[in-house]
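Undergrad: My structure is in model-v9.cif, and what it holds is mmCIF, C-alpha atoms:
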data_final
#
loop_
_atom_site.group_PDB
_atom_site.id
_atom_site.type_symbol
_atom_site.label_atom_id
_atom_site.label_comp_id
_atom_site.auth_asym_id
_atom_site.auth_seq_id
_atom_site.Cartn_x
_atom_site.Cartn_y
_atom_site.Cartn_z
ATOM 1 C CA MET D 168 30.887 46.582 -13.806
ATOM 2 C CA SER D 169 29.158 46.794 -17.173
ATOM 3 C CA LEU D 170 29.796 49.505 -19.716
ATOM 4 C CA ILE D 171 26.639 50.478 -21.571
ATOM 5 C CA PHE D 172 25.914 52.877 -24.403
ATOM 6 C CA LEU D 173 22.270 53.904 -24.703
ATOM 7 C CA ASP D 174 20.987 55.541 -27.853
ATOM 8 C CA SER D 175 18.128 58.031 -27.625
ATOM 9 C CA SER D 176 15.405 55.479 -28.382
ATOM 10 C CA SER D 177 16.411 53.501 -25.322
ATOM 11 C CA VAL D 178 16.896 56.538 -23.060
ATOM 12 C CA VAL D 179 13.334 57.711 -23.794
ATOM 13 C CA LYS D 180 12.041 54.475 -22.283
ATOM 14 C CA ARG D 181 13.262 55.575 -18.857
ATOM 15 C CA TYR D 182 10.986 58.611 -18.960
ATOM 16 C CA VAL D 183 7.991 57.420 -20.993
ATOM 17 C CA SER D 184 6.250 54.165 -20.117
ATOM 18 C CA GLU D 185 6.379 51.717 -23.031
ATOM 19 C CA ILE D 186 7.740 48.277 -23.893
ATOM 20 C CA GLY D 187 11.164 47.894 -22.323
ATOM 21 C CA THR D 188 10.754 50.655 -19.723
ATOM 22 C CA SER D 189 11.209 48.392 -16.684
ATOM 23 C CA TRP D 190 14.314 46.837 -18.192
ATOM 24 C CA VAL D 191 15.882 50.238 -18.961
ATOM 25 C CA VAL D 192 14.999 51.534 -15.486
ATOM 26 C CA ASN D 193 16.773 48.510 -13.992
ATOM 27 C CA LEU D 194 19.906 49.282 -16.027
ATOM 28 C CA HIS D 195 20.111 52.618 -14.199
ATOM 29 C CA LYS D 196 19.817 51.224 -10.671
ATOM 30 C CA PRO D 197 23.024 51.640 -8.656
ATOM 31 C CA SER D 198 22.842 47.966 -7.687
ATOM 32 C CA SER D 199 23.233 47.014 -11.368
ATOM 33 C CA ASN D 200 26.739 48.492 -11.264
ATOM 34 C CA ASN D 201 26.429 49.841 -14.825
ATOM 35 C CA ILE D 202 28.267 52.820 -16.219
ATOM 36 C CA ILE D 203 25.981 54.412 -18.791
ATOM 37 C CA TYR D 204 27.213 56.518 -21.676
ATOM 38 C CA VAL D 205 25.170 58.616 -24.080
ATOM 39 C CA ALA D 206 25.926 60.883 -27.000
ATOM 40 C CA GLN D 207 25.721 64.625 -26.465
ATOM 41 C CA ILE D 208 22.934 64.805 -29.072
ATOM 42 C CA THR D 209 20.813 62.500 -26.937
ATOM 43 C CA GLY D 210 19.690 65.561 -24.988
ATOM 44 C CA VAL D 211 18.042 67.057 -28.058
ATOM 45 C CA GLU D 212 16.678 63.759 -29.327
ATOM 46 C CA VAL D 213 15.026 62.735 -26.043
ATOM 47 C CA VAL D 214 13.362 66.096 -25.452
ATOM 48 C CA SER D 215 12.174 66.033 -29.077
ATOM 49 C CA ALA D 216 10.794 62.490 -28.738
ATOM 50 C CA ILE D 217 8.868 63.374 -25.586
ATOM 51 C CA SER D 218 7.551 66.583 -27.151
ATOM 52 C CA ARG D 219 6.397 64.697 -30.250
ATOM 53 C CA ARG D 220 4.516 62.237 -28.047
ATOM 54 C CA LEU D 221 2.777 65.208 -26.417
ATOM 55 C CA ARG D 222 1.879 66.670 -29.802
ATOM 56 C CA GLY D 223 0.572 63.295 -30.947
ATOM 57 C CA ASN D 224 -1.617 63.075 -27.833
ATOM 58 C CA LYS D 225 0.263 60.053 -26.507
ATOM 59 C CA LEU D 226 1.222 61.990 -23.359
ATOM 60 C CA THR D 227 -0.552 64.623 -21.282
ATOM 61 C CA GLN D 228 1.077 68.009 -20.774
ATOM 62 C CA LYS D 229 1.705 67.107 -17.131
ATOM 63 C CA SER D 230 3.343 63.768 -18.059
ATOM 64 C CA ALA D 231 5.489 65.371 -20.756
ATOM 65 C CA ASP D 232 6.617 68.183 -18.460
ATOM 66 C CA LYS D 233 7.513 65.689 -15.733
ATOM 67 C CA ALA D 234 9.396 63.437 -18.172
ATOM 68 C CA ILE D 235 11.389 66.330 -19.641
ATOM 69 C CA PHE D 236 12.178 67.720 -16.191
ATOM 70 C CA ARG D 237 13.420 64.331 -14.963
ATOM 71 C CA PHE D 238 15.452 63.738 -18.118
ATOM 72 C CA LYS D 239 17.149 67.145 -17.990
ATOM 73 C CA ARG D 240 18.012 66.579 -14.319
ATOM 74 C CA ASP D 241 19.487 63.142 -15.028
ATOM 75 C CA PHE D 242 21.197 64.070 -18.287
ATOM 76 C CA THR D 243 24.105 65.875 -16.674
ATOM 77 C CA LYS D 244 24.085 64.143 -13.299
ATOM 78 C CA LYS D 245 23.540 60.441 -13.968
ATOM 79 C CA LEU D 246 24.761 59.862 -17.511
ATOM 80 C CA ARG D 247 28.237 60.104 -18.954
ATOM 81 C CA ILE D 248 27.973 62.371 -21.956
ATOM 82 C CA ILE D 249 30.290 61.879 -24.916
ATOM 83 C CA ARG D 250 30.769 65.067 -26.900
ATOM 84 C CA LEU D 251 31.087 65.302 -30.637
ATOM 85 C CA ASN D 252 34.416 65.956 -32.308
ATOM 86 C CA ASP D 253 35.789 65.939 -35.838
ATOM 87 C CA GLN D 254 36.813 62.268 -35.658
ATOM 88 C CA ILE D 255 33.318 61.184 -34.608
ATOM 89 C CA ILE D 256 31.729 63.254 -37.371
ATOM 90 C CA SER D 257 34.024 61.664 -39.975
ATOM 91 C CA GLU D 258 33.230 58.190 -38.650
ATOM 92 C CA ALA D 259 29.500 58.994 -38.645
ATOM 93 C CA MET D 260 29.696 60.000 -42.305
ATOM 94 C CA ARG D 261 31.407 56.699 -43.123
ATOM 95 C CA LEU D 262 28.765 54.762 -41.194
ATOM 96 C CA SER D 263 25.916 56.640 -42.896
ATOM 97 C CA GLU D 264 27.272 55.709 -46.276
ATOM 98 C CA LYS D 265 28.056 52.114 -45.370
ATOM 99 C CA HIS D 266 24.853 51.257 -43.482
ATOM 100 C CA PHE D 267 22.362 53.782 -44.950
ATOM 101 C CA LEU D 268 21.653 55.191 -41.473
ATOM 102 C CA ARG D 269 19.922 58.422 -40.540
ATOM 103 C CA GLY D 270 22.283 61.217 -39.512
ATOM 104 C CA TYR D 271 21.952 61.123 -35.747
ATOM 105 C CA ASP D 272 21.851 57.321 -35.738
ATOM 106 C CA SER D 273 25.243 57.377 -37.456
ATOM 107 C CA VAL D 274 26.554 59.741 -34.782
ATOM 108 C CA GLN D 275 25.238 57.464 -32.019
ATOM 109 C CA LEU D 276 26.972 54.468 -33.577
ATOM 110 C CA ALA D 277 30.212 56.368 -34.212
ATOM 111 C CA ILE D 278 30.380 57.355 -30.558
ATOM 112 C CA ALA D 279 29.702 53.795 -29.412
ATOM 113 C CA LEU D 280 32.478 52.507 -31.677
ATOM 114 C CA GLU D 281 34.874 55.132 -30.303
ATOM 115 C CA LEU D 282 34.033 54.044 -26.751
ATOM 116 C CA GLU D 283 34.488 50.394 -27.672
ATOM 117 C CA LYS D 284 37.908 51.120 -29.142
ATOM 118 C CA ARG D 285 38.914 53.194 -26.120
ATOM 119 C CA PHE D 286 37.820 50.580 -23.575
ATOM 120 C CA THR D 287 39.163 47.495 -25.304
ATOM 121 C CA SER D 288 42.560 49.188 -25.756
ATOM 122 C CA GLN D 289 42.604 49.615 -21.962
ATOM 123 C CA SER D 290 41.593 45.970 -21.397
ATOM 124 C CA PHE D 291 38.085 46.801 -20.155
ATOM 125 C CA SER D 292 35.171 44.600 -21.066
ATOM 126 C CA PRO D 293 33.338 45.489 -24.282
ATOM 127 C CA ILE D 294 30.454 47.927 -24.177
ATOM 128 C CA THR D 295 26.885 46.874 -24.793
ATOM 129 C CA PHE D 296 25.097 49.000 -27.378
ATOM 130 C CA ILE D 297 21.419 49.368 -26.517
ATOM 131 C CA SER D 298 18.869 50.697 -28.973
ATOM 132 C CA ALA D 299 15.208 50.139 -29.824
ATOM 133 C CA ASP D 300 15.985 50.839 -33.487
ATOM 134 C CA ASN D 301 16.352 47.620 -35.478
ATOM 135 C CA ALA D 302 18.256 49.195 -38.394
ATOM 136 C CA LEU D 303 20.711 50.824 -36.013
ATOM 137 C CA ASN D 304 21.134 47.567 -34.087
ATOM 138 C CA SER D 305 21.859 45.706 -37.333
ATOM 139 C CA ALA D 306 24.537 48.245 -38.224
ATOM 140 C CA ALA D 307 26.026 48.019 -34.721
ATOM 141 C CA GLN D 308 26.163 44.229 -34.989
ATOM 142 C CA ALA D 309 27.812 44.508 -38.405
ATOM 143 C CA GLU D 310 30.435 46.705 -36.740
ATOM 144 C CA ALA D 311 31.024 43.916 -34.173
ATOM 145 C CA LEU D 312 29.375 45.561 -31.168
ATOM 146 C CA THR D 313 27.453 43.616 -28.557
ATOM 147 C CA VAL D 314 23.838 44.732 -28.991
ATOM 148 C CA ASP D 315 20.621 44.531 -27.009
ATOM 149 C CA ASN D 316 17.149 45.878 -27.707
ATOM 150 C CA PRO D 317 14.922 47.022 -24.830
ATOM 151 C CA ASN D 318 11.877 45.992 -26.886
ATOM 152 C CA ASN D 319 12.987 42.400 -26.331
ATOM 153 C CA HIS D 320 12.471 42.879 -22.581
ATOM 154 C CA PRO D 321 8.744 43.591 -22.047
#
Please express the file's structure as structure tokens.

TA:
Amino acid sequence: MSLIFLDSSSVVKRYVSEIGTSWVVNLHKPSSNNIIYVAQITGVEVVSAISRRLRGNKLTQKSADKAIFRFKRDFTKKLRIIRLNDQIISEAMRLSEKHFLRGYDSVQLAIALELEKRFTSQSFSPITFISADNALNSAAQAEALTVDNPNNHP
């Protein structure tokens, strides 16, 4: 069993065909035996990312509608959602200041660090933090997380 945290940039790849899509799709297969966690804000970020691709003419209306429908269906049924709390917000502020991250990227990382702490204290294997954002991956590595980038898996 592998414990995985996907940030929004990696979740989008499951619903919009781009570099790394096949790899991300494989992470979700039941045979991979992965447990996948996401931040609560991922819902907003993924729908926004798909909508922006539609606006930028990178997706058709039909493709965008299908992607958003599939994501919304999977969001509550196939992903383990970690909700925000005061501790995560405080940690995200610290991470923003330390690593010069964007706001939601700091929240994503704060949640991953909370999961890592929770699992390692219970003697589970470490989580793997997966993001297509190089700055966020650098910060996650600096915080001692195991990191992978779907863009490295064409």

Undergrad: Restricting the calculation to only C-alpha atoms: of D:Ala299, D:Ala311, D:Ala216, D:Leu226, which residue gets closest to Leu280 (chain D)?

TA: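 Ranked by minimum distance to Leu280 (chain D), first place goes to D:Ala311.
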
Undergrad: Just give me the residues with any atom within 12 Å of (9.2, 65.7, -25.9), file coordinates, counting all atoms listed in the file, written as an MDAnalysis selection string.

TA: chainID D and resid 175 179 182:183 210:239

Undergrad: Export C-alpha atoms of the chosen residues as a PDB file, in the frame of the given file?

TA:
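To be explicit, this is the file written out as again-v2.pdb:
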ATOM      1  CA  SER D 175      18.128  58.031 -27.625  1.00  0.00           C
ATOM      2  CA  VAL D 179      13.334  57.711 -23.794  1.00  0.00           C
ATOM      3  CA  TYR D 182      10.986  58.611 -18.960  1.00  0.00           C
ATOM      4  CA  VAL D 183       7.991  57.420 -20.993  1.00  0.00           C
ATOM      5  CA  GLY D 210      19.690  65.561 -24.988  1.00  0.00           C
ATOM      6  CA  VAL D 211      18.042  67.057 -28.058  1.00  0.00           C
ATOM      7  CA  GLU D 212      16.678  63.759 -29.327  1.00  0.00           C
ATOM      8  CA  VAL D 213      15.026  62.735 -26.043  1.00  0.00           C
ATOM      9  CA  VAL D 214      13.362  66.096 -25.452  1.00  0.00           C
ATOM     10  CA  SER D 215      12.174  66.033 -29.077  1.00  0.00           C
ATOM     11  CA  ALA D 216      10.794  62.490 -28.738  1.00  0.00           C
ATOM     12  CA  ILE D 217       8.868  63.374 -25.586  1.00  0.00           C
ATOM     13  CA  SER D 218       7.551  66.583 -27.151  1.00  0.00           C
ATOM     14  CA  ARG D 219       6.397  64.697 -30.250  1.00  0.00           C
ATOM     15  CA  ARG D 220       4.516  62.237 -28.047  1.00  0.00           C
ATOM     16  CA  LEU D 221       2.777  65.208 -26.417  1.00  0.00           C
ATOM     17  CA  ARG D 222       1.879  66.670 -29.802  1.00  0.00           C
ATOM     18  CA  GLY D 223       0.572  63.295 -30.947  1.00  0.00           C
ATOM     19  CA  ASN D 224      -1.617  63.075 -27.833  1.00  0.00           C
ATOM     20  CA  LYS D 225       0.263  60.053 -26.507  1.00  0.00           C
ATOM     21  CA  LEU D 226       1.222  61.990 -23.359  1.00  0.00           C
ATOM     22  CA  THR D 227      -0.552  64.623 -21.282  1.00  0.00           C
ATOM     23  CA  GLN D 228       1.077  68.009 -20.774  1.00  0.00           C
ATOM     24  CA  LYS D 229       1.705  67.107 -17.131  1.00  0.00           C
ATOM     25  CA  SER D 230       3.343  63.768 -18.059  1.00  0.00           C
ATOM     26  CA  ALA D 231       5.489  65.371 -20.756  1.00  0.00           C
ATOM     27  CA  ASP D 232       6.617  68.183 -18.460  1.00  0.00           C
ATOM     28  CA  LYS D 233       7.513  65.689 -15.733  1.00  0.00           C
ATOM     29  CA  ALA D 234       9.396  63.437 -18.172  1.00  0.00           C
ATOM     30  CA  ILE D 235      11.389  66.330 -19.641  1.00  0.00           C
ATOM     31  CA  PHE D 236      12.178  67.720 -16.191  1.00  0.00           C
ATOM     32  CA  ARG D 237      13.420  64.331 -14.963  1.00  0.00           C
ATOM     33  CA  PHE D 238      15.452  63.738 -18.118  1.00  0.00           C
ATOM     34  CA  LYS D 239      17.149  67.145 -17.990  1.00  0.00           C
TER      35      LYS D 239
END

Undergrad: Please measure the separation of CA of Ile255 (chain D) and CA of Ser176 (chain D), giving the value in Å to one decimal.

TA: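 Between CA of Ile255 (chain D) and CA of Ser176 (chain D) the gap is 19.8 Å.
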
Undergrad: Tell me, in Å to one decimal, how far CA of Lys265 (chain D) is from CA of Asn304 (chain D).

TA: 14.0 Å

Undergrad: Would you please work out which residue, of D:Asn252, D:Asn318, D:Asn200, D:Ser169, is nearest to Glu185 (chain D) when using all atoms listed in the file?

TA: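 Comparing D:Asn252, D:Asn318, D:Asn200, D:Ser169 against Glu185 (chain D), the winner is D:Asn318.
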
Undergrad: With distances taken over all atoms listed in the file, which residue among D:Leu246, D:Ile202, D:Ile171, D:Met260 lies nearest Leu312 (chain D)?

TA: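 So, comparing all the options, the nearest one is D:Ile171.
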
Undergrad: Rank D:Met168, D:Ala206, D:Ala259, D:Ala279 by their smallest atom-to-atom distance to Ala307 (chain D), using only C-alpha atoms, and report the top residue only.

TA: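 Of D:Met168, D:Ala206, D:Ala259, D:Ala279, the one nearest Ala307 (chain D), counting only C-alpha atoms, is D:Ala279.
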
Undergrad: Could you tell me which of D:Val314, D:Leu194, D:Ile208, D:Ala309 comes closest to Val274 (chain D) if we count all atoms listed in the file?

TA: D:Ile208

Undergrad: Hey, can you check how far CA of Asp272 (chain D) sits from CA of Val205 (chain D)?

TA: 12.2 Å

Undergrad: Pull out every residue that the PyMOL selection byres ((chain D and resi 186) around 9) matches in the shown coordinates and put them as an mmCIF file with C-alpha atoms, keeping the file's coordinate frame.

TA:
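Written output follows (expr27.cif):
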data_model
loop_
_atom_site.group_PDB
_atom_site.id
_atom_site.type_symbol
_atom_site.label_atom_id
_atom_site.label_comp_id
_atom_site.auth_asym_id
_atom_site.auth_seq_id
_atom_site.Cartn_x
_atom_site.Cartn_y
_atom_site.Cartn_z
ATOM 1 C CA LYS D 180 12.041 54.475 -22.283
ATOM 2 C CA SER D 184 6.250 54.165 -20.117
ATOM 3 C CA GLU D 185 6.379 51.717 -23.031
ATOM 4 C CA GLY D 187 11.164 47.894 -22.323
ATOM 5 C CA THR D 188 10.754 50.655 -19.723
ATOM 6 C CA SER D 189 11.209 48.392 -16.684
ATOM 7 C CA TRP D 190 14.314 46.837 -18.192
ATOM 8 C CA PRO D 317 14.922 47.022 -24.830
ATOM 9 C CA ASN D 318 11.877 45.992 -26.886
ATOM 10 C CA ASN D 319 12.987 42.400 -26.331
ATOM 11 C CA HIS D 320 12.471 42.879 -22.581
ATOM 12 C CA PRO D 321 8.744 43.591 -22.047
#

Undergrad: What lies within 9 Å of Asn301 (chain D) using only C-alpha atoms, ignoring chain neighbours under 4 positions off, as a list in words?

TA: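 The residues satisfying every condition are Ser305, Ala306 and Asn316 of chain D.
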
Undergrad: Set the distance at 10 Å and use all atoms listed in the file: which residues neighbour Arg269 (chain D) once local chain neighbours fewer than 5 positions away are removed? I'd like the list as a PyMOL selection string.

TA: chain D and resi 259+262-264+274+302-303

Undergrad: Smallest atom-to-atom distance to His266 (chain D): which of D:Leu170, D:Gln308, D:Asp241, D:Ser298, using all atoms listed in the file?

TA: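 Of D:Leu170, D:Gln308, D:Asp241, D:Ser298, the one nearest His266 (chain D), counting all atoms listed in the file, is D:Gln308.
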
Undergrad: Set the distance at 12 Å and use only C-alpha atoms: which residues neighbour Lys284 (chain D) once local chain neighbours fewer than 5 positions away are removed? I'd like the list as a compact mmCIF listing (two decimals) with C-alpha atoms, in the frame of the given file.

TA:
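After the write, around-v2.txt holds the following:
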# COMPACT_ATOMS: atom_id res chain seq x y z
CA ALA D 277 30.21 56.37 -34.21
CA ILE D 278 30.38 57.36 -30.56
CA ALA D 279 29.70 53.80 -29.41
CA GLN D 289 42.60 49.62 -21.96
CA SER D 290 41.59 45.97 -21.40
CA PHE D 291 38.08 46.80 -20.16
CA SER D 292 35.17 44.60 -21.07
CA PRO D 293 33.34 45.49 -24.28
CA ILE D 294 30.45 47.93 -24.18
CA GLU D 310 30.44 46.70 -36.74
CA ALA D 311 31.02 43.92 -34.17
CA LEU D 312 29.38 45.56 -31.17

Undergrad: Using the atoms already present, construct N, CA and C atoms for region 176-206 of chain D and hand them back as a short mmCIF file (atom, residue, chain, number, x, y, z; two decimals), in the frame of the given file.

TA:
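Contents of result_39.cif, as written:
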data_model
loop_
_atom_site.label_atom_id
_atom_site.label_comp_id
_atom_site.auth_asym_id
_atom_site.auth_seq_id
_atom_site.Cartn_x
_atom_site.Cartn_y
_atom_site.Cartn_z
N SER D 176 16.64 56.27 -28.42
CA SER D 176 15.40 55.48 -28.38
C SER D 176 15.31 54.64 -27.12
N SER D 177 16.44 54.27 -26.57
CA SER D 177 16.41 53.50 -25.32
C SER D 177 16.35 54.42 -24.10
N VAL D 178 16.96 55.59 -24.18
CA VAL D 178 16.90 56.54 -23.06
C VAL D 178 15.46 56.99 -22.83
N VAL D 179 14.72 57.25 -23.90
CA VAL D 179 13.33 57.71 -23.79
C VAL D 179 12.53 56.75 -22.93
N LYS D 180 12.81 55.48 -23.01
CA LYS D 180 12.04 54.48 -22.28
C LYS D 180 12.14 54.65 -20.76
N ARG D 181 13.15 55.32 -20.29
CA ARG D 181 13.26 55.58 -18.86
C ARG D 181 12.25 56.63 -18.40
N TYR D 182 11.82 57.46 -19.32
CA TYR D 182 10.99 58.61 -18.96
C TYR D 182 9.56 58.52 -19.48
N VAL D 183 9.32 57.63 -20.42
CA VAL D 183 7.99 57.42 -20.99
C VAL D 183 7.70 55.93 -20.91
N SER D 184 6.60 55.57 -20.30
CA SER D 184 6.25 54.16 -20.12
C SER D 184 5.87 53.51 -21.45
N GLU D 185 6.62 52.48 -21.81
CA GLU D 185 6.38 51.72 -23.03
C GLU D 185 7.11 50.38 -22.91
N ILE D 186 7.04 49.56 -23.93
CA ILE D 186 7.74 48.28 -23.89
C ILE D 186 9.22 48.52 -23.62
N GLY D 187 9.75 47.80 -22.66
CA GLY D 187 11.16 47.89 -22.32
C GLY D 187 11.48 48.88 -21.21
N THR D 188 10.50 49.64 -20.75
CA THR D 188 10.75 50.66 -19.72
C THR D 188 11.33 50.04 -18.45
N SER D 189 10.72 49.00 -17.93
CA SER D 189 11.21 48.39 -16.68
C SER D 189 12.65 47.93 -16.82
N TRP D 190 12.96 47.34 -17.96
CA TRP D 190 14.31 46.84 -18.19
C TRP D 190 15.32 47.99 -18.21
N VAL D 191 14.98 49.08 -18.90
CA VAL D 191 15.88 50.24 -18.96
C VAL D 191 16.03 50.87 -17.58
N VAL D 192 14.94 50.98 -16.84
CA VAL D 192 15.00 51.53 -15.49
C VAL D 192 15.95 50.69 -14.64
N ASN D 193 15.89 49.38 -14.76
CA ASN D 193 16.77 48.51 -13.99
C ASN D 193 18.24 48.70 -14.36
N LEU D 194 18.51 49.03 -15.61
CA LEU D 194 19.91 49.28 -16.03
C LEU D 194 20.51 50.46 -15.26
N HIS D 195 19.66 51.41 -14.88
CA HIS D 195 20.11 52.62 -14.20
C HIS D 195 20.26 52.46 -12.69
N LYS D 196 19.74 51.40 -12.12
CA LYS D 196 19.82 51.22 -10.67
C LYS D 196 21.27 51.08 -10.23
N PRO D 197 21.64 51.75 -9.15
CA PRO D 197 23.02 51.64 -8.66
C PRO D 197 23.45 50.19 -8.40
N SER D 198 22.51 49.36 -7.96
CA SER D 198 22.84 47.97 -7.69
C SER D 198 23.23 47.19 -8.94
N SER D 199 22.86 47.70 -10.12
CA SER D 199 23.23 47.01 -11.37
C SER D 199 24.70 47.23 -11.71
N ASN D 200 25.32 48.22 -11.07
CA ASN D 200 26.74 48.49 -11.26
C ASN D 200 27.09 48.79 -12.72
N ASN D 201 26.19 49.46 -13.43
CA ASN D 201 26.43 49.84 -14.82
C ASN D 201 26.97 51.26 -14.91
N ILE D 202 27.85 51.47 -15.86
CA ILE D 202 28.27 52.82 -16.22
C ILE D 202 27.62 53.10 -17.56
N ILE D 203 26.80 54.15 -17.61
CA ILE D 203 25.98 54.41 -18.79
C ILE D 203 26.48 55.65 -19.52
N TYR D 204 26.74 55.45 -20.80
CA TYR D 204 27.21 56.52 -21.68
C TYR D 204 26.13 56.86 -22.68
N VAL D 205 26.07 58.14 -23.04
CA VAL D 205 25.17 58.62 -24.08
C VAL D 205 25.91 59.65 -24.93
N ALA D 206 25.40 59.84 -26.13
CA ALA D 206 25.93 60.88 -27.00
C ALA D 206 25.39 62.24 -26.56
#
